[in-house]
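S.K.: Pasting structure-v5.cif below, which is mmCIF, C-alpha atoms.
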data_work
#
loop_
_atom_site.label_atom_id
_atom_site.label_comp_id
_atom_site.auth_asym_id
_atom_site.auth_seq_id
_atom_site.Cartn_x
_atom_site.Cartn_y
_atom_site.Cartn_z
CA MET G 740 -4.68 -17.39 -6.15
CA ARG G 741 -5.64 -15.53 -9.29
CA LYS G 742 -9.08 -14.60 -10.53
CA ALA G 743 -10.84 -17.30 -8.51
CA VAL G 744 -10.79 -15.31 -5.31
CA THR G 745 -10.41 -11.85 -6.73
CA GLY G 746 -9.03 -9.11 -4.61
CA LEU G 747 -12.20 -7.07 -4.99
CA ARG G 748 -14.52 -9.77 -3.66
CA ALA G 749 -12.43 -10.33 -0.52
CA TRP G 750 -12.18 -6.58 0.07
CA LEU G 751 -15.96 -6.14 -0.26
CA VAL G 752 -16.67 -9.12 2.02
CA GLN G 753 -14.43 -7.64 4.70
CA ARG G 754 -16.08 -4.24 4.62
CA ILE G 755 -19.68 -5.42 4.29
CA SER G 756 -19.23 -7.93 7.12
CA ALA G 757 -17.69 -5.16 9.23
CA VAL G 758 -20.73 -2.94 8.68
CA TYR G 759 -23.15 -5.72 9.67
CA MET G 760 -21.11 -6.59 12.75
CA LEU G 761 -20.99 -2.97 13.84
CA LEU G 762 -24.75 -2.56 13.47
CA PHE G 763 -25.40 -5.86 15.28
CA ILE G 764 -23.14 -4.94 18.19
CA LEU G 765 -24.66 -1.47 18.49
CA LEU G 766 -28.20 -2.87 18.48
CA LEU G 767 -27.16 -5.55 20.98
CA LEU G 768 -25.69 -2.97 23.36
CA PHE G 769 -28.76 -0.81 22.89
CA HIS G 770 -31.00 -3.76 23.77
CA PHE G 771 -28.95 -4.65 26.86
CA PHE G 772 -29.09 -1.04 27.99
CA LEU G 773 -32.86 -0.75 27.58
CA ASP G 774 -34.01 -4.26 28.54
CA PRO G 775 -31.22 -6.21 30.22
CA PRO G 776 -31.96 -9.91 30.88
CA HIS G 777 -31.89 -10.37 34.64
CA ALA G 778 -31.54 -14.12 34.69
CA TYR G 779 -30.63 -17.01 32.44
CA LEU G 780 -34.26 -17.79 31.58
CA ALA G 781 -34.88 -14.26 30.32
CA TRP G 782 -31.70 -14.46 28.21
CA HIS G 783 -32.64 -17.90 26.91
CA GLY G 784 -36.15 -16.74 26.02
CA TRP G 785 -34.78 -13.76 24.16
CA MET G 786 -32.25 -15.85 22.22
CA LYS G 787 -34.95 -18.39 21.28
CA ASN G 788 -36.69 -15.64 19.31
CA PRO G 789 -36.08 -16.75 15.69
CA GLY G 790 -35.24 -13.21 14.64
CA VAL G 791 -32.55 -12.97 17.31
CA SER G 792 -30.99 -16.38 16.71
CA VAL G 793 -30.98 -15.89 12.93
CA ALA G 794 -29.44 -12.44 13.27
CA THR G 795 -26.87 -13.95 15.65
CA PHE G 796 -26.07 -16.70 13.16
CA VAL G 797 -25.59 -14.05 10.45
CA PHE G 798 -23.34 -12.14 12.86
CA PHE G 799 -21.09 -15.15 13.38
CA SER G 800 -21.04 -15.89 9.65
CA ALA G 801 -19.95 -12.30 9.06
CA LEU G 802 -17.34 -12.62 11.82
CA LEU G 803 -15.87 -15.82 10.39
CA LEU G 804 -15.78 -14.45 6.84
CA HIS G 805 -14.15 -11.26 8.15
CA ALA G 806 -11.60 -13.31 10.08
CA TRP G 807 -10.90 -15.43 7.01
CA VAL G 808 -10.12 -12.38 4.85
CA GLY G 809 -8.11 -10.71 7.62
CA VAL G 810 -5.88 -13.65 8.57
CA ARG G 811 -5.53 -14.67 4.90
CA ASP G 812 -4.21 -11.13 4.23
CA VAL G 813 -1.59 -11.55 6.98
CA VAL G 814 -0.57 -14.99 5.65
CA MET G 815 -0.30 -13.65 2.09
CA ASP G 816 1.87 -10.79 3.32
CA TYR G 817 4.34 -12.75 5.41
CA VAL G 818 4.33 -16.40 4.34
CA HIS G 819 6.09 -16.72 1.01
CA PRO G 820 7.06 -20.37 0.54
CA LEU G 821 4.12 -21.92 -1.34
CA ALA G 822 3.83 -25.10 0.74
CA LEU G 823 3.84 -23.15 4.02
CA ARG G 824 1.31 -20.62 2.74
CA VAL G 825 -1.10 -23.29 1.49
CA SER G 826 -0.77 -25.16 4.79
CA ALA G 827 -1.41 -22.02 6.83
CA LEU G 828 -4.49 -21.16 4.78
CA VAL G 829 -5.84 -24.70 4.93
CA LEU G 830 -5.34 -24.75 8.71
CA LEU G 831 -7.09 -21.40 8.95
CA GLY G 832 -9.96 -22.58 6.76
CA PHE G 833 -10.50 -25.73 8.78
CA SER G 834 -10.33 -23.85 12.11
CA LEU G 835 -12.95 -21.34 10.96
CA MET G 836 -15.20 -24.11 9.64
CA ALA G 837 -14.90 -25.89 12.99
CA ILE G 838 -15.90 -22.69 14.79
CA ALA G 839 -18.82 -22.25 12.38
CA ALA G 840 -20.01 -25.80 13.11
CA TRP G 841 -19.75 -25.11 16.83
CA VAL G 842 -21.82 -21.93 16.51
CA VAL G 843 -24.50 -23.81 14.56
CA ARG G 844 -24.52 -26.53 17.21
CA ILE G 845 -24.98 -24.01 20.01
CA LEU G 846 -27.72 -22.12 18.24
CA LEU G 847 -29.62 -25.23 17.24
CA THR G 848 -29.38 -27.18 20.50
CA GLU G 849 -29.77 -24.30 22.89
CA TYR G 850 -32.11 -22.06 21.01
CA GLY G 851 -33.68 -24.25 18.34
CA MET N 893 26.71 19.32 11.22
CA ARG N 894 27.02 15.67 12.10
CA LEU N 895 25.87 13.02 9.67
CA SER N 896 25.77 9.24 9.84
CA ILE N 897 25.69 7.69 6.40
CA PHE N 898 25.05 4.11 5.25
CA ARG N 899 28.12 2.72 3.52
CA PHE N 900 28.44 -0.49 1.56
CA ASN N 901 30.85 -1.38 -1.20
CA PRO N 902 30.15 -4.99 -2.24
CA GLU N 903 33.66 -5.24 -3.74
CA GLN N 904 35.31 -4.48 -0.40
CA ASP N 905 32.84 -4.81 2.47
CA GLU N 906 31.35 -7.96 3.86
CA LYS N 907 28.40 -6.08 5.28
CA PRO N 908 27.10 -2.51 5.44
CA TYR N 909 28.09 -0.06 8.19
CA MET N 910 27.22 3.48 9.22
CA GLN N 911 29.99 6.05 8.82
CA ASP N 912 30.05 9.30 10.81
CA TYR N 913 30.88 12.60 9.17
CA GLU N 914 31.35 16.10 10.55
CA ILE N 915 31.15 19.19 8.35
CA GLU N 916 30.93 22.95 8.91
CA LEU N 917 27.79 24.35 7.32
CA GLU N 918 28.36 27.28 4.99
CA PRO N 919 25.76 29.97 4.21
CA THR N 920 25.35 28.48 0.72
CA ASP N 921 24.26 25.13 2.21
CA GLN N 922 20.49 25.29 1.85
CA MET N 923 19.55 21.72 0.97
CA LEU N 924 20.89 18.34 2.08
CA LEU N 925 22.30 17.70 -1.41
CA ASP N 926 24.54 20.78 -1.09
CA VAL N 927 26.03 19.27 2.08
CA ILE N 928 26.60 15.74 0.80
CA LEU N 929 28.17 17.06 -2.41
CA ARG N 930 30.66 18.98 -0.23
CA LEU N 931 31.19 15.81 1.83
CA LYS N 932 32.71 14.24 -1.25
CA ILE N 933 35.66 16.61 -0.79
CA GLN N 934 36.30 14.92 2.57
CA ASP N 935 35.54 11.44 1.28
CA ASP N 936 35.22 11.01 -2.45
CA THR N 937 34.27 7.33 -2.13
CA LEU N 938 30.82 8.36 -0.87
CA THR N 939 28.42 7.37 -3.64
CA PHE N 940 24.94 8.66 -4.41
CA ARG N 941 22.85 9.65 -7.43
CA LYS N 942 21.96 13.27 -8.21
CA SER N 943 21.04 15.25 -11.28
CA CYS N 944 18.64 18.18 -11.54
CA ARG N 945 19.17 19.46 -7.96
CA GLU N 946 15.68 20.98 -8.03
CA GLY N 947 13.30 18.13 -7.15
CA VAL N 948 12.14 17.11 -10.62
CA CYS N 949 14.31 14.17 -11.66
CA GLY N 950 13.99 11.96 -8.57
CA SER N 951 17.61 10.72 -8.71
CA ASP N 952 18.58 11.65 -5.14
CA ALA N 953 15.72 9.89 -3.38
CA MET N 954 16.99 8.49 -0.08
CA ASN N 955 15.94 7.73 3.49
CA ILE N 956 16.60 10.84 5.61
CA ASN N 957 16.20 10.35 9.38
CA GLY N 958 13.80 7.48 8.69
CA ARG N 959 11.67 9.24 6.09
CA ASN N 960 12.11 8.98 2.35
CA GLY N 961 12.67 12.23 0.50
CA LEU N 962 14.70 14.02 -2.15
CA ALA N 963 18.03 15.34 -0.84
CA CYS N 964 17.94 18.36 -3.16
CA ILE N 965 14.70 19.77 -1.72
CA THR N 966 15.19 18.78 1.92
CA VAL N 967 16.14 21.90 3.92
CA VAL N 968 19.30 20.84 5.72
CA ARG N 969 19.00 23.07 8.79
CA GLU N 970 15.61 21.57 9.65
CA LEU N 971 17.12 18.10 10.09
CA LYS N 972 17.75 16.58 13.50
CA GLU N 973 21.39 15.71 14.11
CA PRO N 974 23.12 13.39 13.61
CA VAL N 975 21.45 13.24 10.20
CA GLU N 976 21.01 9.56 9.33
CA LEU N 977 21.12 8.86 5.60
CA ARG N 978 20.20 5.43 4.31
CA PRO N 979 19.34 4.11 0.86
CA LEU N 980 15.65 3.68 -0.02
CA PRO N 981 14.34 0.87 2.24
CA SER N 982 13.95 -2.65 0.81
CA PHE N 983 15.48 -1.88 -2.62
CA PRO N 984 18.69 -3.89 -3.30
CA VAL N 985 21.73 -1.74 -2.56
CA ILE N 986 24.25 -1.38 -5.37
CA ARG N 987 26.63 0.80 -3.40
CA ASP N 988 26.24 3.23 -0.47
CA LEU N 989 23.07 5.24 -1.21
CA VAL N 990 22.59 3.91 -4.76
CA VAL N 991 19.81 1.32 -5.10
CA ASP N 992 18.65 -1.03 -7.82
CA MET N 993 15.37 0.33 -9.21
CA THR N 994 14.77 -2.60 -11.60
CA GLN N 995 11.87 -4.14 -9.66
CA PHE N 996 10.31 -0.70 -9.23
CA PHE N 997 10.37 -0.04 -12.98
CA LYS N 998 9.18 -3.57 -13.75
CA GLN N 999 6.00 -2.91 -11.74
CA TYR N 1000 5.62 0.45 -13.49
CA HIS N 1001 5.87 -1.19 -16.92
CA SER N 1002 3.42 -3.91 -15.90
CA ILE N 1003 0.52 -1.43 -15.74
CA LYS N 1004 1.08 -0.41 -19.38
CA PRO N 1005 2.00 3.26 -18.83
CA TYR N 1006 1.08 4.43 -22.33
CA LEU N 1007 -2.09 5.53 -24.06
CA ILE N 1008 -4.02 2.66 -25.60
CA ASN N 1009 -6.25 3.95 -28.37
CA ASP N 1010 -6.81 1.87 -31.50
CA GLU N 1011 -8.66 4.55 -33.45
CA SER N 1012 -6.65 5.90 -36.37
CA ALA N 1013 -4.48 8.83 -35.35
CA PRO N 1014 -6.19 12.19 -35.87
CA GLU N 1015 -4.53 14.91 -37.98
CA LYS N 1016 -3.55 16.98 -34.97
CA GLU N 1017 -4.07 15.88 -31.35
CA ARG N 1018 -6.73 13.72 -29.68
CA LEU N 1019 -9.04 16.34 -28.20
CA GLN N 1020 -9.74 16.58 -24.50
CA SER N 1021 -11.89 19.12 -22.69
CA PRO N 1022 -10.36 21.21 -19.85
CA GLU N 1023 -12.50 19.24 -17.36
CA GLU N 1024 -11.19 15.95 -18.71
CA ARG N 1025 -7.63 17.29 -18.59
CA LYS N 1026 -8.11 18.43 -15.00
CA LYS N 1027 -8.67 14.81 -13.95
CA LEU N 1028 -5.00 14.12 -14.74
CA ASP N 1029 -3.79 16.74 -12.22
CA GLY N 1030 -2.10 15.13 -9.26
CA LEU N 1031 -1.28 12.06 -11.34
CA TYR N 1032 0.93 13.04 -14.26
CA GLU N 1033 3.42 14.91 -12.05
CA CYS N 1034 4.97 11.72 -10.67
CA ILE N 1035 8.75 11.73 -11.16
CA LEU N 1036 9.17 8.01 -10.38
CA CYS N 1037 11.61 8.72 -7.58
CA GLY N 1038 10.53 5.63 -5.63
CA CYS N 1039 10.03 7.35 -2.27
CA CYS N 1040 6.45 6.08 -1.96
CA THR N 1041 6.95 2.47 -3.02
CA SER N 1042 10.02 1.97 -0.88
CA GLN N 1043 8.20 3.31 2.19
CA CYS N 1044 5.18 1.04 1.65
CA PRO N 1045 5.07 -2.02 3.97
CA SER N 1046 2.92 -3.94 1.48
CA SER N 1047 5.67 -3.37 -1.11
CA TRP N 1048 8.27 -4.58 1.38
CA TRP N 1049 6.49 -7.89 1.91
CA ASN N 1050 5.56 -8.58 -1.72
CA PRO N 1051 7.63 -6.39 -4.06
CA ASP N 1052 7.29 -8.82 -6.95
CA LYS N 1053 3.50 -9.19 -6.77
CA PHE N 1054 2.17 -5.91 -5.39
CA VAL N 1055 2.38 -3.14 -8.00
CA GLY N 1056 3.11 -0.45 -5.41
CA PRO N 1057 1.86 3.11 -4.97
CA ALA N 1058 3.83 4.64 -7.86
CA GLY N 1059 2.67 2.01 -10.35
CA LEU N 1060 -0.92 2.22 -9.13
CA LEU N 1061 -0.93 6.01 -9.33
CA GLN N 1062 0.19 5.76 -12.94
CA ALA N 1063 -2.38 3.02 -13.59
CA TYR N 1064 -5.08 5.43 -12.42
CA ARG N 1065 -3.55 8.21 -14.55
CA PHE N 1066 -4.31 6.13 -17.64
CA ILE N 1067 -7.59 4.70 -16.35
CA ILE N 1068 -9.18 8.15 -16.08
CA ASP N 1069 -7.56 9.58 -19.18
CA SER N 1070 -10.50 10.25 -21.50
CA ARG N 1071 -8.37 9.45 -24.54
CA ASP N 1072 -7.53 5.93 -23.30
CA GLN N 1073 -9.78 3.10 -24.48
CA ALA N 1074 -8.43 0.18 -22.47
CA THR N 1075 -10.10 1.15 -19.18
CA GLN N 1076 -11.82 -2.22 -18.69
CA GLU N 1077 -8.62 -4.18 -19.36
CA ARG N 1078 -6.66 -1.96 -16.98
CA LEU N 1079 -9.22 -2.49 -14.19
CA ASP N 1080 -9.37 -6.25 -14.81
CA ASP N 1081 -5.58 -6.46 -14.71
CA LEU N 1082 -5.55 -4.99 -11.19
CA ASN N 1083 -8.38 -7.18 -9.86
CA ASP N 1084 -6.16 -9.77 -8.25
CA PRO N 1085 -5.42 -10.50 -4.56
CA TYR N 1086 -1.93 -9.07 -4.95
CA ARG N 1087 -1.59 -6.42 -7.66
CA LEU N 1088 -3.73 -3.73 -6.03
CA PHE N 1089 -5.36 -5.36 -3.03
CA ARG N 1090 -2.30 -5.72 -0.86
CA CYS N 1091 -2.89 -2.01 -0.22
CA ARG N 1092 -4.77 -1.32 3.01
CA SER N 1093 -4.43 2.44 3.12
CA ILE N 1094 -1.41 2.59 5.41
CA MET N 1095 -0.75 5.89 3.58
CA ASN N 1096 3.03 6.05 4.03
CA CYS N 1097 3.13 6.79 0.31
CA THR N 1098 1.09 9.99 0.48
CA GLU N 1099 3.02 11.10 3.55
CA VAL N 1100 6.45 10.95 1.91
CA CYS N 1101 5.72 11.94 -1.71
CA PRO N 1102 8.10 14.84 -2.46
CA LYS N 1103 5.74 16.13 -5.16
CA ASP N 1104 2.75 16.13 -2.75
CA LEU N 1105 0.85 13.53 -4.75
CA ALA N 1106 -1.60 11.11 -3.17
CA PRO N 1107 -1.17 7.51 -4.36
CA SER N 1108 -3.54 6.26 -1.66
CA ARG N 1109 -6.33 8.45 -3.04
CA ALA N 1110 -5.68 7.18 -6.58
CA ILE N 1111 -5.78 3.59 -5.31
CA GLU N 1112 -9.05 4.26 -3.51
CA LYS N 1113 -10.51 5.74 -6.71
CA ILE N 1114 -9.50 2.61 -8.64
CA ARG N 1115 -11.16 0.46 -5.97
CA LEU N 1116 -14.38 2.47 -6.20
CA MET N 1117 -14.37 2.13 -9.99
CA MET N 1118 -13.96 -1.63 -9.61
CA VAL N 1119 -16.85 -1.78 -7.15
CA LYS N 1120 -19.10 0.26 -9.43
CA ASP N 1121 -18.08 -1.99 -12.28
CA SER N 1122 -18.99 -5.17 -10.43
CA LEU N 1123 -22.34 -4.08 -9.00
#
For the file at hand, write its structure as C-alpha cells.

M.R.:
Amino acid sequence: MRKAVTGLRAWLVQRISAVYMLLFILLLLFHFFLDPPHAYLAWHGWMKNPGVSVATFVFFSALLLHAWVGVRDVVMDYVHPLALRVSALVLLGFSLMAIAAWVVRILLTEYG
Amino acid sequence: MRLSIFRFNPEQDEKPYMQDYEIELEPTDQMLLDVILRLKIQDDTLTFRKSCREGVCGSDAMNINGRNGLACITVVRELKEPVELRPLPSFPVIRDLVVDMTQFFKQYHSIKPYLINDESAPEKERLQSPEERKKLDGLYECILCGCCTSQCPSSWWNPDKFVGPAGLLQAYRFIIDSRDQATQERLDDLNDPYRLFRCRSIMNCTEVCPKDLAPSRAIEKIRLMMVKDSL
C-alpha cells in the first residue's frame, strides 16, 4: 500500500467529501424547512429535478468514498496479518460498490 | 505517601505485577524522582532510569497515574494517591520501569534527523536570518524522552510503520530549516498511508509533552505543506 494510494490523497478525499456532505445536508434541511414535500408525489417531483438527483448522486459518491477511507483507516490500524487485511479491504470495497450500484439503480429507475 | 509500582524482572518473574510501597514524605521531597530514589533504600531492586534530574535528558520518562511524564519535574504532592507508576505504554519492558527505546529511535533515524545540504561548506557557518531561526522554536527543544510517542494510539497499533509524534516533529524541524535542501525528499518520504497519515489529531502527544512542544501542530504543518505541494 505504498505510493499507489498515497496518504495525502486519501486524507484529502475524506475532508473534501465531508465538506460536500455537510453543505448538501444543510441545504437539504433548509429546503425541507422552507418547502417541505407534503406527499409522495411532491417528493418524487422534486427528486426528478436533474439538479437534485445529480447532487444526490454526488452526495452518495462522497459518502461512499468517505466511508471507504474511514473504514480502511480502521482496518489498517487494527488488522495486521496481511491476508486478513487484504480480505477485509476487498470485502469493504465490494460492499461499497454494491451500495453504489444500488444508489444508481434507485436514482435511475425512480427519478430518471 | 502510597505508591503502586509496576514490577517485572524477566529473569525471575513469569509476568508483571504491581507492588505497593509506603513512604514518609520529607520536606526535601519536591519531585516524584526524589521519592522513588529514596524508595530504593527500602527496596534496592526497584529499577528505573534517571540522569539530569532537571527535565532535560528525558531518561526518567514514565507513566504516572495514567499520564506520561518526567519523574524529575512532576511535583509529587500534586499526585493522587496511591501513585501508580508504570513504564511507558506499549514499549517493550526490559525491567520494572525501564523500557526498550530501540523502535522509537529507529523511527527517529528514519526521518534523517540531520541537515542535508550538498553545497560546499562555507568558511564559517551557514547563515540564517533571525526570522528563519525563529521557525525552529518549538521544534529543536525535543529531548526524545518518548512520552508523546508512547501515549499515541496510532503508534500503539502500528509502531513499526507509523513514524510517531517525536519523529514527525523532528521531520518538520528539518523540513522548515532554511539551510536544509532536501525538503522535497523529506515530504515525499512521509507521503505514505502509514508514515505520517496514521495521525488523526488525537493530540495525546501535545497533551503530555513535558517540554510543552506541539507535535500535532508540526504534523498539521507538514500536511499543509504536502497539500500545497500537490495542488

S.K.: For a test of reading the model, state the distance in Å between atom CA of N:Gly1059 and atom CA of N:Leu962, rounded to one decimal.

M.R.: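 Interatomic distance here is 18.9 Å.
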
S.K.: Taking 5 positions as the minimum chain separation for residues in the same chain, which residues sit within 8 Å of stretch 788-803 of chain G when counting only C-alpha atoms? Answer as a list of chain:residue names.

M.R.: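 Listing them by chain and then by number gives G:Ser756, G:Ala757, G:Tyr759, G:Met760, G:Phe763, G:Leu835, G:Ala839, G:Val842, G:Val843, G:Leu846, G:Tyr850.
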
S.K.: Just the number, please: distance in Å from atom CA of N:Arg1115 to atom CA of G:Arg754, one decimal.

M.R.: 12.6 Å

S.K.: Atom CA of N:Met893 to atom CA of N:Ile915: how many Å, to one decimal?

M.R.: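 Separating atom CA of N:Met893 from atom CA of N:Ile915 is a distance of 5.3 Å.
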
S.K.: Here's the selection I'm unsure about, the PyMOL selection byres ((chain N and resi 894) around 12); applied to the file above, which residues does it give, as a count of residues only?

M.R.: 23
